[in-house]
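Participant: Just one file: model-v4.txt, with compact mmCIF, C-alpha atoms.
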# COMPACT_ATOMS: atom_id res chain seq x y z
CA MET F 1 60.67 136.12 36.02
CA SER F 2 58.72 135.21 32.89
CA THR F 3 55.20 133.88 33.27
CA ILE F 4 53.82 131.01 31.19
CA LEU F 5 50.11 130.31 30.88
CA VAL F 6 49.50 126.57 30.40
CA VAL F 7 46.13 125.83 28.79
CA ASP F 8 45.07 122.18 28.70
CA ASP F 9 41.95 120.27 29.72
CA SER F 10 44.12 117.41 30.96
CA GLY F 11 45.39 117.80 34.53
CA LEU F 12 48.18 115.33 33.74
CA ALA F 13 49.38 117.46 30.84
CA ARG F 14 49.21 120.66 32.93
CA ARG F 15 51.18 119.06 35.78
CA ARG F 16 53.85 117.82 33.37
CA ALA F 17 54.25 121.28 31.84
CA ARG F 18 54.27 122.96 35.28
CA ASN F 19 56.97 120.61 36.60
CA ILE F 20 59.23 121.28 33.63
CA LEU F 21 58.70 125.04 33.54
CA GLU F 22 58.87 125.69 37.30
CA GLY F 23 61.99 123.53 37.44
CA ALA F 24 63.58 125.96 34.98
CA GLY F 25 62.54 129.00 37.01
CA TYR F 26 59.42 130.12 35.19
CA ASN F 27 56.25 131.29 36.89
CA VAL F 28 53.30 129.12 35.75
CA VAL F 29 49.58 129.85 35.69
CA GLU F 30 47.03 127.35 34.42
CA ALA F 31 43.72 127.31 32.60
CA GLU F 32 41.65 124.17 32.02
CA ASP F 33 39.67 125.40 29.01
CA GLY F 34 39.55 128.09 26.35
CA MET F 35 37.26 130.53 28.17
CA ALA F 36 39.37 130.36 31.34
CA ALA F 37 42.46 130.86 29.18
CA LEU F 38 41.14 134.11 27.69
CA GLU F 39 40.21 135.43 31.15
CA ARG F 40 43.52 134.42 32.72
CA TYR F 41 45.52 135.83 29.83
CA PHE F 42 44.31 139.36 30.49
CA VAL F 43 44.68 139.02 34.28
CA ALA F 44 48.09 137.33 34.44
CA ARG F 45 49.53 138.90 31.26
CA PRO F 46 51.78 135.90 30.57
CA ASP F 47 54.86 136.20 28.39
CA VAL F 48 54.09 132.95 26.57
CA VAL F 49 51.00 130.73 26.30
CA LEU F 50 51.24 126.95 25.93
CA LEU F 51 47.98 125.95 24.30
CA ASP F 52 46.45 122.50 23.79
CA LEU F 53 44.61 122.03 20.51
CA VAL F 54 41.76 119.60 21.17
CA MET F 55 39.86 120.70 24.28
CA LYS F 56 36.31 120.58 25.57
CA GLY F 57 34.35 123.76 24.81
CA MET F 58 36.56 126.06 22.72
CA TYR F 59 39.10 124.34 20.49
CA GLY F 60 42.69 125.51 20.74
CA LEU F 61 42.64 126.96 17.23
CA GLU F 62 39.66 129.13 18.22
CA VAL F 63 41.45 130.27 21.38
CA LEU F 64 44.59 131.08 19.37
CA THR F 65 42.62 133.10 16.82
CA LYS F 66 40.74 134.97 19.58
CA LEU F 67 43.90 135.70 21.54
CA ARG F 68 45.70 137.02 18.47
CA GLU F 69 42.67 139.18 17.61
CA LEU F 70 42.57 140.67 21.11
CA ASP F 71 46.34 140.97 21.47
CA GLY F 72 48.37 140.88 18.28
CA THR F 73 51.56 140.48 20.31
CA ALA F 74 50.39 137.30 22.10
CA ARG F 75 53.05 134.61 21.85
CA VAL F 76 51.43 131.20 21.69
CA ILE F 77 53.07 127.79 21.44
CA VAL F 78 50.62 125.06 20.49
CA VAL F 79 51.07 121.72 22.25
CA SER F 80 49.09 118.79 20.91
CA ALA F 81 48.98 115.01 20.69
CA ASP F 82 48.14 115.56 17.03
CA VAL F 83 51.27 114.58 15.10
CA GLN F 84 50.04 115.66 11.67
CA SER F 85 52.10 118.16 9.72
CA SER F 86 48.83 119.59 8.33
CA SER F 87 47.81 120.59 11.88
CA GLN F 88 51.17 122.25 12.42
CA GLU F 89 50.72 124.24 9.19
CA LEU F 90 47.22 125.27 10.28
CA VAL F 91 48.27 126.70 13.64
CA THR F 92 51.37 128.35 12.18
CA ALA F 93 49.14 130.11 9.66
CA ALA F 94 46.93 131.24 12.57
CA GLY F 95 49.90 132.93 14.22
CA ALA F 96 51.34 130.33 16.60
CA ALA F 97 54.97 130.92 17.56
CA GLY F 98 55.66 127.19 17.64
CA PHE F 99 54.19 123.69 17.68
CA LEU F 100 55.15 120.78 19.93
CA THR F 101 53.74 117.28 20.12
CA LYS F 102 52.75 115.59 23.36
CA PRO F 103 54.06 114.32 25.64
CA LEU F 104 56.25 117.31 26.27
CA ASP F 105 60.00 116.83 26.13
CA ALA F 106 61.70 119.05 28.70
CA ASP F 107 64.61 120.11 26.48
CA GLU F 108 62.35 120.84 23.50
CA ILE F 109 59.85 122.95 25.41
CA LEU F 110 62.47 124.93 27.31
CA ALA F 111 64.39 125.68 24.12
CA LEU F 112 61.23 126.80 22.32
CA VAL F 113 59.99 128.92 25.23
CA GLN F 114 63.38 130.57 25.48
CA SER F 115 63.60 131.31 21.75
CA THR F 116 60.01 132.62 21.81
CA LEU F 117 60.99 134.93 24.63
CA GLY F 118 63.82 136.19 22.48
CA GLY F 119 66.60 134.14 24.01
CA ASN F 120 66.15 135.45 27.55
CA ALA F 121 66.62 132.97 30.40
CA ALA F 122 63.69 132.32 32.76
CA GLY F 123 65.10 134.23 35.71
CA ASP F 124 66.03 137.29 33.71
CA PRO F 125 63.90 140.17 35.02
CA ASN F 126 64.14 141.85 31.61
CA ALA F 127 62.86 138.78 29.82
CA ALA F 128 60.11 139.40 27.26
CA GLN F 129 60.06 143.12 27.75
CA MET J 1 35.42 92.49 3.66
CA GLN J 2 38.76 90.70 3.30
CA LEU J 3 42.14 92.41 3.08
CA SER J 4 44.49 91.27 0.36
CA ASP J 5 48.02 90.24 1.42
CA VAL J 6 49.41 93.45 -0.06
CA GLN J 7 46.84 95.60 1.80
CA ARG J 8 47.41 93.76 5.09
CA ASP J 9 51.18 94.02 4.72
CA ALA J 10 51.03 97.77 4.01
CA LEU J 11 48.56 98.39 6.85
CA VAL J 12 50.73 96.49 9.35
CA GLU J 13 53.77 98.52 8.26
CA LEU J 14 51.82 101.75 8.59
CA LEU J 15 50.60 100.71 12.03
CA ASN J 16 54.12 99.71 13.02
CA ILE J 17 55.24 103.25 12.29
CA GLY J 18 52.24 104.68 14.17
CA PHE J 19 52.82 102.45 17.18
CA GLY J 20 56.52 103.16 17.10
CA ARG J 21 55.58 106.79 17.56
CA ALA J 22 53.02 105.85 20.24
CA GLY J 23 55.65 103.75 22.04
CA ALA J 24 58.12 106.62 21.98
CA SER J 25 55.43 108.87 23.50
CA LEU J 26 54.66 106.35 26.23
CA SER J 27 58.36 105.95 26.95
CA ARG J 28 58.70 109.73 27.28
CA LEU J 29 55.73 109.86 29.66
CA THR J 30 56.95 107.04 31.90
CA ASN J 31 60.71 107.53 31.55
CA HIS J 32 61.00 103.82 30.84
CA ARG J 33 61.86 101.81 27.79
CA VAL J 34 58.75 100.47 26.08
CA LEU J 35 58.87 97.20 24.17
CA LEU J 36 56.33 96.89 21.38
CA ASP J 37 54.93 93.77 19.76
CA VAL J 38 54.21 93.77 16.04
CA PRO J 39 50.59 94.89 15.77
CA GLN J 40 48.07 92.35 14.50
CA VAL J 41 45.41 93.66 12.14
CA ALA J 42 41.96 92.28 11.38
CA VAL J 43 38.83 93.71 9.76
CA HIS J 44 35.36 92.77 11.01
CA PRO J 45 31.87 94.11 10.27
CA VAL J 46 31.14 96.43 13.19
CA ASN J 47 28.10 94.39 14.26
CA GLN J 48 30.38 91.36 14.77
CA LEU J 49 32.91 93.32 16.81
CA SER J 50 31.63 92.20 20.19
CA GLU J 51 32.04 88.48 19.51
CA HIS J 52 35.57 88.98 18.18
CA LEU J 53 36.71 91.16 21.08
CA SER J 54 35.06 88.98 23.73
CA THR J 55 37.46 86.15 22.87
CA VAL J 56 40.41 88.25 24.03
CA MET J 57 38.97 90.86 26.42
CA HIS J 58 37.45 90.67 29.89
CA GLU J 59 33.79 91.54 30.20
CA GLN J 60 34.57 94.85 31.95
CA VAL J 61 36.84 97.27 30.08
CA ALA J 62 38.21 100.80 30.20
CA SER J 63 37.95 102.48 26.82
CA VAL J 64 39.10 105.85 25.53
CA HIS J 65 37.04 106.95 22.55
CA GLN J 66 38.00 109.65 20.06
CA ALA J 67 36.08 110.48 16.92
CA PHE J 68 37.95 111.79 13.88
CA SER J 69 36.77 113.33 10.65
CA GLY J 70 38.09 114.24 7.21
CA PRO J 71 38.46 112.31 3.95
CA VAL J 72 38.86 109.24 6.19
CA GLY J 73 36.61 109.59 9.22
CA GLY J 74 35.41 107.33 11.99
CA ASP J 75 35.82 106.37 15.63
CA ALA J 76 39.03 105.29 17.32
CA LEU J 77 39.10 103.43 20.62
CA LEU J 78 41.84 102.32 22.96
CA ILE J 79 40.45 99.40 24.94
CA LEU J 80 42.17 98.07 28.06
CA ASP J 81 41.08 95.47 30.55
CA PRO J 82 40.83 96.83 34.12
CA VAL J 83 44.13 95.30 35.23
CA ALA J 84 45.98 96.82 32.28
CA ALA J 85 44.31 100.19 32.93
CA ALA J 86 45.27 100.14 36.62
CA THR J 87 48.83 99.05 35.76
CA LEU J 88 49.21 101.90 33.28
CA LYS J 89 47.95 104.42 35.82
CA GLU J 90 50.38 103.12 38.46
CA LEU J 91 53.27 103.28 36.00
CA LEU J 92 52.45 106.86 35.09
CA THR J 93 51.79 108.26 38.52
CA ASP J 94 53.50 105.88 40.97
CA GLU J 95 50.18 105.86 42.85
CA PRO J 96 48.28 102.61 43.47
CA ALA J 97 45.15 102.02 41.40
CA LEU J 98 42.49 99.38 41.89
CA PRO J 99 41.15 97.52 38.87
CA LEU J 100 37.42 98.15 38.34
CA ALA J 101 37.54 101.25 40.54
CA LEU J 102 39.09 103.87 38.31
CA ASP J 103 38.84 107.13 40.22
CA ALA J 104 38.88 110.63 38.69
CA SER J 105 42.68 110.77 38.71
CA SER J 106 42.95 107.41 36.92
CA ARG J 107 40.39 108.48 34.34
CA GLU J 108 42.25 111.71 33.69
CA VAL J 109 45.57 109.91 33.25
CA LEU J 110 44.12 107.22 30.98
CA THR J 111 42.22 109.74 28.86
CA GLU J 112 45.45 111.61 28.17
CA VAL J 113 47.31 108.35 27.44
CA GLY J 114 44.51 107.33 25.05
CA ASN J 115 44.60 110.77 23.44
CA ILE J 116 48.36 110.51 22.83
CA LEU J 117 48.28 106.90 21.58
CA LEU J 118 45.26 107.32 19.30
CA ASN J 119 46.59 110.57 17.86
CA ALA J 120 49.98 108.96 17.23
CA CYS J 121 48.29 106.12 15.39
CA ILE J 122 45.67 108.02 13.37
CA GLY J 123 47.90 111.08 12.92
CA THR J 124 50.62 108.92 11.38
CA PHE J 125 48.01 107.62 8.92
CA GLY J 126 47.16 111.24 8.14
CA ASN J 127 50.79 112.25 7.66
CA LEU J 128 51.94 109.32 5.56
CA LEU J 129 48.81 109.01 3.45
CA LYS J 130 48.35 112.77 3.11
CA VAL J 131 44.75 112.64 4.29
CA PRO J 132 44.39 115.28 7.03
CA VAL J 133 42.05 114.32 9.88
CA SER J 134 40.50 116.41 12.66
CA PHE J 135 40.11 114.97 16.15
CA ALA J 136 37.27 115.37 18.61
CA VAL J 137 37.80 115.59 22.38
CA PRO J 138 38.52 112.12 23.82
CA ASP J 139 36.32 110.58 26.48
CA ILE J 140 36.77 107.62 28.78
CA ASP J 141 34.25 104.98 29.75
CA VAL J 142 34.51 102.09 32.18
CA SER J 143 31.78 99.64 31.33
CA SER J 144 31.06 96.25 29.81
CA LEU J 145 32.55 95.40 26.44
CA GLN J 146 29.02 95.04 25.13
CA ALA J 147 28.14 98.60 26.25
CA VAL J 148 31.22 99.97 24.43
CA VAL J 149 30.23 98.15 21.25
CA ASN J 150 26.57 99.21 21.63
CA ARG J 151 27.66 102.84 21.76
CA LEU J 152 29.44 102.36 18.43
CA LEU J 153 26.51 100.47 16.94
CA GLY J 154 24.17 103.30 17.76
CA SER J 155 26.18 105.94 15.91
CA GLY J 156 25.79 105.03 12.25
CA ASP J 157 24.50 102.62 9.64
CA ASP J 158 26.08 99.39 10.85
CA ALA J 159 25.56 97.50 7.60
CA PHE J 160 28.13 99.78 5.98
CA ARG J 161 30.71 100.07 8.72
CA TYR J 162 33.79 98.02 9.46
CA ALA J 163 36.07 97.79 12.43
CA LEU J 164 39.79 97.68 11.89
CA VAL J 165 40.95 95.86 15.02
CA VAL J 166 44.57 96.32 15.93
CA THR J 167 46.01 94.24 18.73
CA ALA J 168 48.87 96.23 20.13
CA GLY J 169 50.88 94.72 22.93
CA PHE J 170 53.48 96.70 24.82
CA ARG J 171 55.55 96.12 27.94
CA LEU J 172 56.80 98.70 30.39
CA ARG J 173 59.24 97.84 33.16
CA ASP J 174 58.20 94.36 34.32
CA ALA J 175 54.56 94.89 33.55
CA GLU J 176 52.97 93.48 30.48
CA VAL J 177 50.14 95.67 29.29
CA THR J 178 48.17 94.70 26.23
CA GLY J 179 45.76 97.14 24.69
CA TYR J 180 43.49 97.01 21.72
CA VAL J 181 43.02 99.83 19.29
CA VAL J 182 39.77 99.63 17.36
CA ILE J 183 39.15 101.92 14.42
CA VAL J 184 35.60 101.94 13.08
CA LEU J 185 35.16 103.23 9.54
CA THR J 186 32.37 103.44 7.02
CA VAL J 187 32.92 101.26 3.99
CA GLN J 188 33.60 104.49 2.06
CA SER J 189 36.30 105.59 4.52
CA LEU J 190 37.83 102.12 4.67
CA THR J 191 37.97 102.00 0.86
CA ARG J 192 39.65 105.43 0.78
CA LEU J 193 42.10 104.30 3.45
CA LEU J 194 43.00 101.14 1.54
CA VAL J 195 43.44 103.05 -1.73
CA ALA J 196 45.72 105.53 0.05
CA VAL J 197 47.61 102.68 1.75
CA GLU J 198 48.18 100.93 -1.59
CA GLY J 199 49.43 104.21 -3.11
CA TRP J 200 51.75 104.72 -0.15
CA GLU J 201 53.00 101.11 -0.42
CA ARG J 202 53.76 101.55 -4.14
CA ASN J 203 55.55 104.80 -3.43
CA GLU J 204 57.58 103.33 -0.58
CA GLY J 205 58.54 100.35 -2.73
CA ARG J 206 60.21 102.69 -5.20
CA HIS J 207 62.62 104.07 -2.61
Transcribe the structure of this file into structure tokens.
Facilitator:
Amino acid sequence: MSTILVVDDSGLARRRARNILEGAGYNVVEAEDGMAALERYFVARPDVVLLDLVMKGMYGLEVLTKLRELDGTARVIVVSADVQSSSQELVTAAGAAGFLTKPLDADEILALVQSTLGGNAAGDPNAAQ
Amino acid sequence: MQLSDVQRDALVELLNIGFGRAGASLSRLTNHRVLLDVPQVAVHPVNQLSEHLSTVMHEQVASVHQAFSGPVGGDALLILDPVAAATLKELLTDEPALPLALDASSREVLTEVGNILLNACIGTFGNLLKVPVSFAVPDIDVSSLQAVVNRLLGSGDDAFRYALVVTAGFRLRDAEVTGYVVIVLTVQSLTRLLVAVEGWERNEGRH
């Protein structure tokens, strides 16, 4: 079962993501800020990270850059309320695997997570290997 | 500072697009159809904001504040009266909420709603006008209208700042919730915004 790390300082946003992802069979771990995200990433070794952009403490872009520095294979999908195409370009240039605007749409996020995992379904034990 | 008819018309259209996006987001969050009113736009010197808002708002308000920066920078606020704030929270969580007693869960929900609505509005400005903006972390405050305005007054040279007040009504299910979006800009930022809006309006008119 693939594991998704959901990083967001909003409990509402984390619950929404968890409901969608667990409903599709993914294992979900959460982090409420950038520092916790970096710690949890190396403990839980998630297959994909869903990362909010504007957070207290470390900004999402900083977390993305750090994660990609520490693990060049980290697959990160940025999720933000920011609808600007310039923000999307910025995170894509920083190595994000995708960009979604809030609030999350179940079909959109599941399709993007699956394509990021290489087309493997959530329950596939060989997913993301 | 007075808006010309052309400027007002273009701003309302721009805000219509922004609020259309915000309405779609709210609809996605609540799983209900959201009906939007046409936003009303007015510009006031920031030090006259309190008297203008007090004609339409209760004394006690819930406000989500988010600063933004870039070629056009300022402060954006979503202001709701306590009943509207409690109604929104109930609609989003199906849990009861008491006006004037917004607990941690209500604050968290409303902060995220404010974040999504303000980003939809300002981000649409950024996209259409091609002026990228960066957002700060949003925060929520439940206090008197005067305290909200005082916080804004204390953060810059008030003689050179204007508030773009957008009255944005929306209805979800049977509940009518009216919120106010206030965007405070320096005269420099407001001028840049209006120049960009006029350019956008001219461009749009060609298509």
Participant: Around the point (60.7, 103.6, 16.2) (coordinates from the file), which residues reach within 12 Å if we count all atoms listed in the file? Answer as a PyMOL selection string.
Facilitator: chain J and resi 13-25+27+33-38
Participant: Would you save the residues from that selection as a CSV table (one decimal), keeping the file's coordinate frame, using C-alpha atoms?
Facilitator:
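Written out: result09.csv:
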chain,number,residue,atom,x,y,z
J,13,GLU,CA,53.8,98.5,8.3
J,14,LEU,CA,51.8,101.8,8.6
J,15,LEU,CA,50.6,100.7,12.0
J,16,ASN,CA,54.1,99.7,13.0
J,17,ILE,CA,55.2,103.2,12.3
J,18,GLY,CA,52.2,104.7,14.2
J,19,PHE,CA,52.8,102.4,17.2
J,20,GLY,CA,56.5,103.2,17.1
J,21,ARG,CA,55.6,106.8,17.6
J,22,ALA,CA,53.0,105.8,20.2
J,23,GLY,CA,55.6,103.8,22.0
J,24,ALA,CA,58.1,106.6,22.0
J,25,SER,CA,55.4,108.9,23.5
J,27,SER,CA,58.4,106.0,27.0
J,33,ARG,CA,61.9,101.8,27.8
J,34,VAL,CA,58.8,100.5,26.1
J,35,LEU,CA,58.9,97.2,24.2
J,36,LEU,CA,56.3,96.9,21.4
J,37,ASP,CA,54.9,93.8,19.8
J,38,VAL,CA,54.2,93.8,16.0
Participant: Do a neighbour search on region 188-197 of chain J at 10 Å with all atoms listed in the file, toss out local chain neighbours closer than 4 positions, and write the hits as a PyMOL selection string.
Facilitator: chain J and resi 1+3+6-11+13-14+43+69-74+125-126+128-131+160-164+183-184+201-203
Participant: Please report the interatomic distance between CA of Lys102 (chain F) and CA of Ile116 (chain J) in Å with one decimal.
Facilitator: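 These two atoms are separated by 6.7 Å.
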Participant: Could you check the closest approach to chain F for each of J:Thr178, J:Thr55, J:Gln60, J:Asn127 and tell me which residue wins, using all atoms listed in the file?
Facilitator: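 Checking each candidate against chain F, we get J:Asn127 as the closest.
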Participant: Select, from F:Val48, F:Ala74, F:Val54, F:Met1, the residue with the minimum atom-to-atom distance to chain J, counting all atoms listed in the file.
Facilitator: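 Closest to chain J, using all atoms listed in the file: F:Val54.
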Participant: Dump as a list in words the residues of chain F that approach chain J to within 10 Å, counting all atoms listed in the file.
Facilitator: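 That gives the following set of residues: Asp9, Ser10, Gly11, Leu12, Ala13, Arg16, Leu53, Val54, Met55, Lys56, Gly57, Tyr59, Ser80, Ala81, Asp82, Val83, Gln84, Ser85, Ser86, Ser87, Thr101, Lys102, Pro103, Leu104, Asp105 and Ala106 of chain F.
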Participant: Record the distance separating CA of Val83 (chain J) and CA of Ala97 (chain J), expressed in Å with one decimal.
Facilitator: 9.2 Å
Participant: By how many Å are CA of Val64 (chain J) and CA of Ile140 (chain J) apart?
Facilitator: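 One can read the CA of Val64 (chain J) to CA of Ile140 (chain J) distance as 4.4 Å.
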Participant: With 8 Å of padding per side, what axis-aligned box (centre and edge lengths, Å, one decimal) covers all the listed atoms of region 22-39 of chain J? Give it as JSON.
Facilitator:
{"center_x": 56.2, "center_y": 101.8, "center_z": 23.8, "size_x": 27.3, "size_y": 32.1, "size_z": 32.1}
Participant: Given the point (58.1, 129.3, 34.1) in the file's coordinates, find the residues that have an atom at most 8 Å from it, counting all atoms listed in the file, and give them as a list of chain:residue names.
Facilitator: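 Residues lying no farther than 8 Å from the given point: F:Met1, F:Ser2, F:Thr3, F:Ile4, F:Arg18, F:Leu21, F:Glu22, F:Gly23, F:Ala24, F:Gly25, F:Tyr26, F:Asn27, F:Val28, F:Ala122.
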Participant: From the set F:Val49, F:Ala96, F:Met58, F:Gln114, which residue has the shortest atom-to-atom contact distance to Ala17 (chain F), counting all atoms listed in the file?
Facilitator: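 Looking only at the distances to Ala17 (chain F), the closest residue turns out to be F:Val49.
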Participant: Between J:Trp200, J:Leu153, J:Ala84, J:Pro96, which one has atoms that come closest to Gln48 (chain J), using all atoms listed in the file?
Facilitator: J:Leu153
Participant: Which residue is closest to Gln146 (chain J)? Choose from J:Ala104, J:Val41, J:Val12, J:Leu49 and count all atoms listed in the file.
Facilitator: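 Residue with the minimum atom-to-atom distance to Gln146 (chain J): J:Leu49.
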